[in-house]
>>> print(open('work_20.txt').read())   # compact mmCIF, C-alpha atoms
# COMPACT_ATOMS: atom_id res chain seq x y z
CA MET A 1 -32.40 9.35 -27.45
CA SER A 2 -31.36 7.39 -24.34
CA HIS A 3 -32.29 8.38 -20.79
CA VAL A 4 -28.67 9.20 -20.06
CA GLU A 5 -28.45 11.54 -23.06
CA ASN A 6 -31.63 13.37 -22.04
CA GLU A 7 -30.37 13.69 -18.49
CA LEU A 8 -26.88 14.90 -19.30
CA ASN A 9 -28.32 17.50 -21.67
CA SER A 10 -30.41 19.01 -18.83
CA GLN A 11 -27.43 19.83 -16.61
CA PRO A 12 -27.18 23.62 -17.13
CA GLU A 13 -30.75 24.10 -15.91
CA CYS A 14 -30.17 21.76 -12.97
CA TRP A 15 -27.05 23.66 -11.96
CA ASP A 16 -28.92 26.97 -11.94
CA ARG A 17 -31.53 25.51 -9.59
CA ALA A 18 -28.94 23.94 -7.33
CA ALA A 19 -27.04 27.21 -6.97
CA GLU A 20 -30.25 28.92 -5.85
CA LEU A 21 -30.97 26.14 -3.34
CA SER A 22 -27.58 26.43 -1.67
CA ALA A 23 -28.76 29.45 0.32
CA VAL A 24 -32.03 27.73 1.27
CA HIS A 25 -30.15 24.77 2.76
CA ARG A 26 -27.32 26.71 4.37
CA ALA A 27 -28.05 25.32 7.86
CA ALA A 28 -27.84 21.72 6.60
CA LEU A 29 -24.47 22.26 4.93
CA PRO A 30 -21.06 22.60 6.60
CA ALA A 31 -20.25 25.83 8.41
CA ALA A 32 -16.82 27.39 8.14
CA GLY A 33 -14.41 25.79 10.57
CA GLU A 34 -16.31 22.53 10.97
CA ARG A 35 -14.39 19.28 10.55
CA VAL A 36 -16.30 17.45 7.85
CA ALA A 37 -16.37 14.08 6.10
CA VAL A 38 -18.13 13.60 2.77
CA VAL A 39 -19.11 10.04 1.84
CA GLY A 40 -20.70 8.21 -1.05
CA CYS A 41 -20.39 5.18 -3.31
CA GLY A 42 -19.20 5.05 -6.91
CA THR A 43 -19.87 8.36 -8.62
CA SER A 44 -20.89 9.95 -5.31
CA TRP A 45 -17.53 9.04 -3.79
CA PHE A 46 -15.74 10.86 -6.61
CA MET A 47 -17.94 13.92 -6.10
CA ALA A 48 -17.04 13.69 -2.41
CA GLN A 49 -13.36 13.78 -3.35
CA ALA A 50 -13.92 16.93 -5.39
CA VAL A 51 -15.85 18.84 -2.72
CA ALA A 52 -13.44 17.82 0.04
CA ALA A 53 -10.50 19.24 -1.91
CA LEU A 54 -12.47 22.39 -2.80
CA ARG A 55 -13.46 23.05 0.81
CA GLU A 56 -9.92 22.69 2.12
CA GLN A 57 -8.60 24.79 -0.77
CA ALA A 58 -11.04 27.53 0.28
CA GLY A 59 -9.68 27.41 3.86
CA LEU A 60 -13.05 26.47 5.33
CA GLY A 61 -11.95 23.52 7.42
CA GLU A 62 -10.52 20.02 7.36
CA THR A 63 -12.53 17.88 4.97
CA ASP A 64 -12.11 14.20 4.17
CA ALA A 65 -13.75 12.04 1.51
CA PHE A 66 -14.45 8.33 1.91
CA ALA A 67 -16.23 5.54 0.17
CA ALA A 68 -19.09 4.90 2.61
CA SER A 69 -17.86 1.37 3.23
CA GLU A 70 -14.40 2.67 4.24
CA PHE A 71 -15.38 5.35 6.76
CA PRO A 72 -12.87 5.24 9.64
CA ALA A 73 -14.74 4.23 12.79
CA GLY A 74 -13.94 6.40 15.77
CA ARG A 75 -12.63 9.42 13.88
CA ALA A 76 -14.25 12.64 15.12
CA TYR A 77 -16.14 14.99 12.79
CA ASP A 78 -18.55 17.87 13.31
CA ARG A 79 -20.68 16.83 10.34
CA VAL A 80 -20.87 13.99 7.84
CA ILE A 81 -22.34 14.67 4.39
CA ALA A 82 -23.71 11.64 2.52
CA LEU A 83 -24.26 11.85 -1.24
CA THR A 84 -26.83 9.29 -2.44
CA ARG A 85 -28.89 9.64 -5.58
CA SER A 86 -31.25 6.77 -4.78
CA GLY A 87 -31.41 7.03 -1.00
CA THR A 88 -31.28 3.24 -0.83
CA THR A 89 -27.58 2.35 -1.09
CA THR A 90 -26.78 -0.17 1.62
CA GLU A 91 -23.34 1.10 2.60
CA VAL A 92 -24.58 4.68 3.04
CA LEU A 93 -27.60 3.65 5.10
CA ASP A 94 -25.48 1.37 7.29
CA LEU A 95 -22.98 4.15 7.94
CA LEU A 96 -25.64 6.71 8.83
CA ALA A 97 -27.24 4.21 11.21
CA ALA A 98 -23.88 3.65 12.90
CA LEU A 99 -23.33 7.42 13.26
CA LYS A 100 -26.81 8.18 14.60
CA GLY A 101 -26.63 10.30 17.72
CA THR A 102 -22.85 10.77 17.58
CA VAL A 103 -22.38 13.33 14.80
CA ARG A 104 -24.69 15.57 12.77
CA THR A 105 -25.41 14.04 9.36
CA THR A 106 -26.77 15.50 6.14
CA ALA A 107 -27.93 13.46 3.15
CA ILE A 108 -28.12 14.97 -0.33
CA THR A 109 -30.45 12.82 -2.40
CA GLY A 110 -32.60 12.67 -5.49
CA ASP A 111 -35.43 10.69 -3.85
CA PRO A 112 -36.63 11.59 -0.34
CA ASP A 113 -39.29 8.86 -0.27
CA THR A 114 -36.70 6.24 0.62
CA PRO A 115 -34.99 5.03 3.82
CA ILE A 116 -32.56 7.97 3.65
CA LYS A 117 -35.32 10.25 4.99
CA ALA A 118 -35.11 8.67 8.43
CA ALA A 119 -31.41 7.87 8.33
CA ALA A 120 -29.97 11.41 8.25
CA ASP A 121 -30.49 14.34 10.59
CA ASP A 122 -30.83 16.81 7.70
CA LEU A 123 -32.02 16.20 4.16
CA VAL A 124 -31.32 18.16 0.98
CA VAL A 125 -33.55 17.02 -1.87
CA LEU A 126 -32.54 17.48 -5.50
CA ASP A 127 -35.48 15.59 -6.97
CA PHE A 128 -35.40 17.73 -10.12
CA ALA A 129 -31.99 16.17 -10.85
CA ASP A 130 -32.99 12.56 -10.17
CA GLU A 131 -32.48 10.14 -13.03
CA ARG A 132 -33.99 7.13 -14.71
CA SER A 133 -30.63 5.98 -16.02
CA VAL A 134 -28.29 3.63 -14.21
CA VAL A 135 -25.29 5.75 -15.24
CA GLN A 136 -25.20 8.95 -13.16
CA THR A 137 -24.73 12.28 -14.87
CA ARG A 138 -26.88 15.21 -13.78
CA PHE A 139 -27.49 14.22 -10.15
CA ALA A 140 -23.77 14.00 -9.44
CA THR A 141 -22.87 17.30 -11.06
CA THR A 142 -25.92 19.03 -9.55
CA ALA A 143 -25.01 17.87 -6.05
CA LEU A 144 -21.48 19.12 -6.58
CA THR A 145 -22.82 22.43 -7.90
CA LEU A 146 -24.93 22.84 -4.76
CA LEU A 147 -21.81 22.36 -2.64
CA ARG A 148 -19.65 24.54 -4.89
CA ALA A 149 -22.19 27.34 -4.53
CA HIS A 150 -22.24 26.86 -0.75
CA LEU A 151 -18.44 27.22 -0.75
CA GLY A 152 -18.59 30.33 -2.95
CA HIS A 153 -16.93 28.51 -5.83
CA HIS A 154 -19.81 28.34 -8.32
CA THR A 155 -19.99 30.90 -11.14
CA GLU A 156 -22.36 31.68 -13.97
CA GLN A 157 -19.46 30.90 -16.28
CA ALA A 158 -19.61 27.26 -15.19
CA VAL A 159 -23.18 27.05 -16.48
CA ALA A 160 -22.28 28.85 -19.70
CA ASP A 161 -19.37 26.45 -20.17
CA ALA A 162 -21.72 23.49 -19.64
CA ARG A 163 -23.87 24.78 -22.48
CA THR A 164 -20.75 25.05 -24.64
CA ALA A 165 -19.76 21.50 -23.68
CA LEU A 166 -23.14 20.26 -24.88
CA ALA A 167 -23.17 22.27 -28.11
CA GLU A 168 -19.65 21.92 -29.51
CA PRO A 169 -18.55 18.81 -31.41
CA LEU A 170 -16.17 16.48 -29.61
CA PRO A 171 -12.55 16.76 -30.79
CA ALA A 172 -11.90 15.00 -34.10
CA GLY A 173 -10.65 11.45 -33.77
CA LEU A 174 -11.46 11.18 -30.07
CA VAL A 175 -14.30 8.65 -30.33
CA GLU A 176 -12.09 6.30 -32.34
CA ARG A 177 -9.46 5.95 -29.59
CA ASP A 178 -9.42 2.74 -27.59
CA GLN A 179 -7.70 3.91 -24.39
CA PHE A 180 -8.69 6.97 -22.35
CA THR A 181 -6.75 8.61 -19.54
CA PHE A 182 -8.13 11.46 -17.42
CA LEU A 183 -5.92 13.72 -15.30
CA GLY A 184 -6.71 16.23 -12.58
CA ARG A 185 -5.13 18.44 -9.94
CA GLY A 186 -6.59 19.29 -6.54
CA TRP A 187 -10.37 19.14 -6.69
CA THR A 188 -10.37 18.00 -10.31
CA VAL A 189 -8.75 14.65 -9.43
CA GLY A 190 -12.23 13.57 -8.31
CA LEU A 191 -13.65 14.71 -11.64
CA ALA A 192 -10.98 12.75 -13.52
CA ASN A 193 -11.87 9.65 -11.50
CA GLU A 194 -15.53 10.17 -12.35
CA ALA A 195 -14.85 10.68 -16.08
CA ALA A 196 -12.98 7.38 -16.13
CA LEU A 197 -15.87 5.64 -14.37
CA LYS A 198 -18.35 7.02 -16.93
CA MET A 199 -16.28 5.61 -19.77
CA ARG A 200 -16.07 2.19 -18.13
CA GLU A 201 -19.77 2.07 -17.26
CA ALA A 202 -21.26 3.30 -20.50
CA SER A 203 -18.77 2.12 -23.13
CA LEU A 204 -16.70 -0.66 -21.48
CA SER A 205 -13.58 1.31 -22.35
CA TRP A 206 -10.03 0.84 -21.09
CA THR A 207 -9.90 3.93 -18.91
CA GLU A 208 -7.63 5.30 -16.21
CA ALA A 209 -7.42 8.39 -14.00
CA TYR A 210 -4.52 9.92 -12.09
CA PRO A 211 -3.37 13.09 -10.38
CA ALA A 212 -1.67 14.90 -13.24
CA MET A 213 1.76 15.07 -11.59
CA GLU A 214 1.69 11.30 -11.02
CA TYR A 215 1.12 10.46 -14.68
CA ARG A 216 4.84 10.63 -15.46
CA HIS A 217 5.66 8.32 -12.54
CA GLY A 218 4.82 5.15 -14.44
CA PRO A 219 1.36 5.35 -16.06
CA ILE A 220 2.58 7.23 -19.14
CA SER A 221 4.46 4.04 -20.09
CA VAL A 222 1.26 2.43 -21.42
CA THR A 223 0.32 5.49 -23.50
CA THR A 224 0.29 4.92 -27.27
CA GLN A 225 -1.03 6.48 -30.46
CA ASN A 226 -4.41 4.91 -29.60
CA THR A 227 -4.64 6.81 -26.30
CA ALA A 228 -6.50 10.02 -25.54
CA THR A 229 -5.18 11.88 -22.49
CA TRP A 230 -7.60 14.49 -21.16
CA MET A 231 -6.63 17.17 -18.64
CA PHE A 232 -9.21 18.60 -16.22
CA GLY A 233 -8.01 22.09 -15.34
CA GLU A 234 -4.56 23.58 -15.87
CA ALA A 235 -1.90 21.08 -16.91
CA PRO A 236 1.51 20.89 -15.24
CA GLU A 237 4.21 22.60 -17.27
CA GLY A 238 5.58 20.40 -20.04
CA LEU A 239 3.09 17.57 -19.67
CA ALA A 240 1.20 18.25 -22.89
CA GLY A 241 4.41 18.00 -24.88
CA GLN A 242 5.45 14.79 -23.18
CA VAL A 243 2.08 13.20 -23.93
CA ALA A 244 2.20 14.39 -27.55
CA ALA A 245 5.63 12.75 -27.91
CA THR A 246 4.03 9.36 -27.19
CA GLY A 247 1.69 9.78 -30.15
CA ALA A 248 -1.37 10.12 -27.92
CA GLN A 249 -4.12 12.67 -28.47
CA TRP A 250 -3.90 15.44 -25.87
CA ILE A 251 -7.18 17.08 -24.82
CA GLU A 252 -6.72 20.40 -23.05
CA GLY A 253 -9.34 21.24 -20.44
CA ARG A 254 -10.26 24.76 -21.51
CA LEU A 255 -13.74 24.96 -19.92
CA ASP A 256 -14.74 25.03 -16.26
CA PRO A 257 -13.66 21.57 -15.03
CA LEU A 258 -17.22 20.52 -14.22
CA ALA A 259 -18.21 21.42 -17.78
CA GLU A 260 -15.28 19.32 -18.98
CA LEU A 261 -16.91 16.42 -17.13
CA VAL A 262 -20.05 17.03 -19.20
CA ARG A 263 -17.91 16.70 -22.33
CA ALA A 264 -16.52 13.43 -20.99
CA GLN A 265 -20.07 12.18 -20.35
CA ARG A 266 -20.88 12.91 -23.98
CA LEU A 267 -17.78 11.02 -25.03
CA ALA A 268 -18.85 7.97 -23.04
CA VAL A 269 -22.23 7.93 -24.78
CA ALA A 270 -20.64 8.47 -28.21
CA VAL A 271 -18.14 5.63 -27.74
CA ALA A 272 -20.95 3.37 -26.53
CA ALA A 273 -22.94 4.14 -29.68
CA ARG A 274 -19.93 3.45 -31.89
CA ARG A 275 -19.51 0.07 -30.22
CA GLY A 276 -23.18 -0.85 -30.47
CA LEU A 277 -23.77 -0.63 -26.70
CA ASP A 278 -26.83 0.72 -24.88
CA PRO A 279 -25.67 3.20 -22.20
CA ASP A 280 -29.03 2.81 -20.44
CA ARG A 281 -28.23 -0.87 -19.81
CA PRO A 282 -24.61 -1.01 -18.62
CA ARG A 283 -23.23 -4.48 -18.09
CA HIS A 284 -23.59 -5.98 -14.60
CA LEU A 285 -24.87 -2.72 -13.07
CA THR A 286 -28.06 -1.62 -11.32
CA ARG A 287 -29.28 1.86 -10.44
CA SER A 288 -28.65 1.30 -6.72
CA VAL A 289 -26.55 -1.27 -4.89
CA ILE A 290 -28.76 -2.87 -2.24
CA LEU A 291 -27.06 -5.69 -0.38
CA THR A 292 -28.88 -8.45 1.45
CA ALA A 293 -27.58 -10.31 4.47
CA SER A 294 -26.17 -13.73 3.62
>>> encode(input="work_20.txt", output="structure tokens")
Amino acid sequence: MSHVENELNSQPECWDRAAELSAVHRAALPAAGERVAVVGCGTSWFMAQAVAALREQAGLGETDAFAASEFPAGRAYDRVIALTRSGTTTEVLDLLAALKGTVRTTAITGDPDTPIKAAADDLVVLDFADERSVVQTRFATTALTLLRAHLGHHTEQAVADARTALAEPLPAGLVERDQFTFLGRGWTVGLANEAALKMREASLSWTEAYPAMEYRHGPISVTTQNTATWMFGEAPEGLAGQVAATGAQWIEGRLDPLAELVRAQRLAVAVAARRGLDPDRPRHLTRSVILTAS
């Protein structure tokens, strides 16, 4: 079994621990009413998108999400949250250095024995969710669970649904598709983006992600009988029927959306296996992006 399979299978236990830790780290996480930015790179950026939408949906304050390299200089925030599994990503460290002394910063990381320890004002360590794999699974969902619990959005049902996502077979015919589209609404748009990234990283698949209401504004035109279209959360009225009319396979998101992401992670590994690929060695990727000055 690959590292990524072992790690994705451990997510229910990781989520339980993260939910407990949310109270321990309350002071390091955003207070109600604070203006907050959440930043990251790759998978962490998509988790940032999800938590930003969740926090605003809960009425807890303005919350923006940025790729660390695209943070808007000069914009005022009360706190910046940086998500970084490795603690070594260049863009995150550069941003935290630039913000030092101007805004309170919190880093959520899997490895505290890295430069991130000195870069952020507050540190939340999820070392039990760190990973050997290049492809992120459990660290990303565990960090999001920590923040969901802090926002009062985490439930025991999410963990139960994750166990279901790991135990039930994938829908028949899904692995054989050659195009995958993931759709979300609100906070699940970030999850859809992440599901698409997992498919690209692990299985080199043709994969897309969109806000669900935008799918009919052009992207549905490339949908065929070889497409699987997967909805994270409740679908807009009529969309399932419109997708079915194209001949595509429609996957209804019936579990907690974060558990649906676990199912999508499993799909990425299964498609990789079918294509003879090693998900532990994704093409052109490394566990952390560390840039050197030219």
>>> residues_around(input="work_20.txt", residues="Arg163 of chain A", least_positions_apart="5", cutoff="9 Å", atoms="only C-alpha atoms", output="PyMOL selection string")
chain A and resi 9+11-12+158+168+259
>>> write_last_selection(input="work_20.txt", atoms="C-alpha atoms", output="compact mmCIF listing (two decimals), in the frame of the given file")
# COMPACT_ATOMS: atom_id res chain seq x y z
CA ASN A 9 -28.32 17.50 -21.67
CA GLN A 11 -27.43 19.83 -16.61
CA PRO A 12 -27.18 23.62 -17.13
CA ALA A 158 -19.61 27.26 -15.19
CA GLU A 168 -19.65 21.92 -29.51
CA ALA A 259 -18.21 21.42 -17.78
>>> closest_residue(input="work_20.txt", among="A:Gly173, A:Gly87, A:Gly253, A:Gly101", to="Ile116 of chain A", atoms="only C-alpha atoms")
A:Gly87
>>> closest_residue(input="work_20.txt", among="A:Leu96, A:Val103, A:Val159, A:Ala37", to="Cys14 of chain A", atoms="only C-alpha atoms")
A:Val159
>>> atom_distance(input="work_20.txt", atom1="atom CA of Glu34 of chain A", atom2="atom CA of Ala53 of chain A")
14.5 Å
>>> closest_residue(input="work_20.txt", among="A:Arg85, A:Arg200, A:Arg185, A:Arg148", to="Phe232 of chain A", atoms="only C-alpha atoms")
A:Arg185
>>> closest_residue(input="work_20.txt", among="A:Thr106, A:Ser69, A:Thr188, A:Ser44", to="Ala28 of chain A", atoms="all atoms listed in the file")
A:Thr106
>>> closest_atom_pairs(input="work_20.txt", of="segment 120-168 of chain A", to="segment 193-198 of chain A", cutoff="10 Å", atoms="all atoms listed in the file", output="tab-separated table")
residue	atom	partner	partner_atom	distance
A:Val135	CA	A:Lys198	CA	7.3
A:Gln136	CA	A:Lys198	CA	8.1
A:Thr137	CA	A:Lys198	CA	8.5
A:Ala140	CA	A:Glu194	CA	9.5
>>> closest_residue(input="work_20.txt", among="A:Glu260, A:Gly218, A:Arg274, A:Pro171", to="Ser205 of chain A", atoms="all atoms listed in the file")
A:Arg274
>>> residues_around(input="work_20.txt", residues="Asp161 of chain A", least_positions_apart="4", cutoff="9 Å", atoms="all atoms listed in the file", output="list in words")
Pro12, Glu156, Gln157, Ala165, Leu166, Leu255, Asp256, Leu258, Ala259 and Glu260 of chain A
>>> atom_distance(input="work_20.txt", atom1="atom CA of Glu201 of chain A", atom2="atom CA of Met47 of chain A")
16.4 Å
>>> atom_distance(input="work_20.txt", atom1="atom CA of Ala76 of chain A", atom2="atom CA of Asp111 of chain A")
28.5 Å
>>> residues_around(input="work_20.txt", residues="Ser86 of chain A", least_positions_apart="6", cutoff="12 Å", atoms="all atoms listed in the file", output="VMD selection string")
chain A and resid 40 to 41 44 92 to 93 107 to 117 125 to 127 129 to 134 136 139 to 140 286 to 290
>>> residues_around(input="work_20.txt", residues="Tyr77 of chain A", least_positions_apart="6", cutoff="12 Å", atoms="only C-alpha atoms", output="VMD selection string")
chain A and resid 30 33 to 38 61 to 65 71 99 102 to 105
>>> closest_residue(input="work_20.txt", among="A:Gly186, A:Arg281, A:Ile220, A:Arg17", to="Ala58 of chain A", atoms="all atoms listed in the file")
A:Gly186
>>> residues_around(input="work_20.txt", residues="segment 206-213 of chain A", least_positions_apart="6", cutoff="6 Å", atoms="only C-alpha atoms", output="ChimeraX atom specification")
/A:179-185,189,192-193,196
>>> write_last_selection(input="work_20.txt", atoms="C-alpha atoms", output="CSV table (one decimal), keeping the file's coordinate frame")
chain,number,residue,atom,x,y,z
A,179,GLN,CA,-7.7,3.9,-24.4
A,180,PHE,CA,-8.7,7.0,-22.4
A,181,THR,CA,-6.8,8.6,-19.5
A,182,PHE,CA,-8.1,11.5,-17.4
A,183,LEU,CA,-5.9,13.7,-15.3
A,184,GLY,CA,-6.7,16.2,-12.6
A,185,ARG,CA,-5.1,18.4,-9.9
A,189,VAL,CA,-8.8,14.6,-9.4
A,192,ALA,CA,-11.0,12.8,-13.5
A,193,ASN,CA,-11.9,9.6,-11.5
A,196,ALA,CA,-13.0,7.4,-16.1
>>> decode(input="work_20.txt", residues="segment 58-80 of chain A", atoms="N, CA and C atoms", output="PDB file, in the first residue's frame")
ATOM      1  N   ALA A  58     -20.718  31.889   8.512  1.00  0.00           N
ATOM      2  CA  ALA A  58     -21.092  31.824   9.921  1.00  0.00           C
ATOM      3  C   ALA A  58     -21.270  33.204  10.538  1.00  0.00           C
ATOM      4  N   GLY A  59     -20.988  34.280   9.784  1.00  0.00           N
ATOM      5  CA  GLY A  59     -21.149  35.632  10.288  1.00  0.00           C
ATOM      6  C   GLY A  59     -20.096  36.053  11.288  1.00  0.00           C
ATOM      7  N   LEU A  60     -18.897  35.458  11.179  1.00  0.00           N
ATOM      8  CA  LEU A  60     -17.857  35.710  12.175  1.00  0.00           C
ATOM      9  C   LEU A  60     -16.850  36.771  11.758  1.00  0.00           C
ATOM     10  N   GLY A  61     -16.990  37.308  10.563  1.00  0.00           N
ATOM     11  CA  GLY A  61     -16.103  38.379  10.145  1.00  0.00           C
ATOM     12  C   GLY A  61     -15.633  38.214   8.719  1.00  0.00           C
ATOM     13  N   GLU A  62     -15.210  39.331   8.116  1.00  0.00           N
ATOM     14  CA  GLU A  62     -14.680  39.284   6.761  1.00  0.00           C
ATOM     15  C   GLU A  62     -13.461  38.376   6.705  1.00  0.00           C
ATOM     16  N   THR A  63     -13.437  37.507   5.726  1.00  0.00           N
ATOM     17  CA  THR A  63     -12.350  36.538   5.606  1.00  0.00           C
ATOM     18  C   THR A  63     -12.013  36.351   4.143  1.00  0.00           C
ATOM     19  N   ASP A  64     -10.754  36.548   3.807  1.00  0.00           N
ATOM     20  CA  ASP A  64     -10.272  36.380   2.440  1.00  0.00           C
ATOM     21  C   ASP A  64      -9.309  35.207   2.366  1.00  0.00           C
ATOM     22  N   ALA A  65      -9.184  34.635   1.181  1.00  0.00           N
ATOM     23  CA  ALA A  65      -8.235  33.541   0.942  1.00  0.00           C
ATOM     24  C   ALA A  65      -7.352  33.917  -0.234  1.00  0.00           C
ATOM     25  N   PHE A  66      -6.044  33.699  -0.080  1.00  0.00           N
ATOM     26  CA  PHE A  66      -5.098  34.029  -1.138  1.00  0.00           C
ATOM     27  C   PHE A  66      -4.048  32.931  -1.276  1.00  0.00           C
ATOM     28  N   ALA A  67      -3.607  32.710  -2.506  1.00  0.00           N
ATOM     29  CA  ALA A  67      -2.330  32.037  -2.672  1.00  0.00           C
ATOM     30  C   ALA A  67      -1.280  32.933  -2.021  1.00  0.00           C
ATOM     31  N   ALA A  68      -0.343  32.350  -1.292  1.00  0.00           N
ATOM     32  CA  ALA A  68       0.616  33.161  -0.536  1.00  0.00           C
ATOM     33  C   ALA A  68       1.368  34.143  -1.426  1.00  0.00           C
ATOM     34  N   SER A  69       1.622  33.749  -2.653  1.00  0.00           N
ATOM     35  CA  SER A  69       2.352  34.612  -3.574  1.00  0.00           C
ATOM     36  C   SER A  69       1.518  35.786  -4.070  1.00  0.00           C
ATOM     37  N   GLU A  70       0.199  35.754  -3.858  1.00  0.00           N
ATOM     38  CA  GLU A  70      -0.695  36.788  -4.380  1.00  0.00           C
ATOM     39  C   GLU A  70      -1.331  37.628  -3.280  1.00  0.00           C
ATOM     40  N   PHE A  71      -0.766  37.593  -2.087  1.00  0.00           N
ATOM     41  CA  PHE A  71      -1.322  38.380  -0.982  1.00  0.00           C
ATOM     42  C   PHE A  71      -1.236  39.870  -1.321  1.00  0.00           C
ATOM     43  N   PRO A  72      -2.328  40.614  -1.156  1.00  0.00           N
ATOM     44  CA  PRO A  72      -2.333  42.028  -1.547  1.00  0.00           C
ATOM     45  C   PRO A  72      -1.596  42.909  -0.540  1.00  0.00           C
ATOM     46  N   ALA A  73      -0.455  43.401  -0.916  1.00  0.00           N
ATOM     47  CA  ALA A  73       0.350  44.241  -0.026  1.00  0.00           C
ATOM     48  C   ALA A  73      -0.433  45.491   0.351  1.00  0.00           C
ATOM     49  N   GLY A  74      -0.398  45.819   1.637  1.00  0.00           N
ATOM     50  CA  GLY A  74      -1.041  47.033   2.100  1.00  0.00           C
ATOM     51  C   GLY A  74      -2.470  46.858   2.558  1.00  0.00           C
ATOM     52  N   ARG A  75      -3.079  45.713   2.323  1.00  0.00           N
ATOM     53  CA  ARG A  75      -4.451  45.512   2.789  1.00  0.00           C
ATOM     54  C   ARG A  75      -4.433  45.163   4.280  1.00  0.00           C
ATOM     55  N   ALA A  76      -5.320  45.769   5.041  1.00  0.00           N
ATOM     56  CA  ALA A  76      -5.288  45.631   6.500  1.00  0.00           C
ATOM     57  C   ALA A  76      -6.088  44.417   6.977  1.00  0.00           C
ATOM     58  N   TYR A  77      -5.477  43.625   7.852  1.00  0.00           N
ATOM     59  CA  TYR A  77      -6.131  42.491   8.500  1.00  0.00           C
ATOM     60  C   TYR A  77      -5.782  42.485   9.985  1.00  0.00           C
ATOM     61  N   ASP A  78      -6.647  41.853  10.774  1.00  0.00           N
ATOM     62  CA  ASP A  78      -6.360  41.673  12.193  1.00  0.00           C
ATOM     63  C   ASP A  78      -5.493  40.447  12.438  1.00  0.00           C
ATOM     64  N   ARG A  79      -5.631  39.446  11.532  1.00  0.00           N
ATOM     65  CA  ARG A  79      -4.830  38.229  11.681  1.00  0.00           C
ATOM     66  C   ARG A  79      -4.688  37.568  10.314  1.00  0.00           C
ATOM     67  N   VAL A  80      -3.530  36.990  10.081  1.00  0.00           N
ATOM     68  CA  VAL A  80      -3.290  36.197   8.880  1.00  0.00           C
ATOM     69  C   VAL A  80      -2.979  34.773   9.316  1.00  0.00           C
TER      70      VAL A  80
END
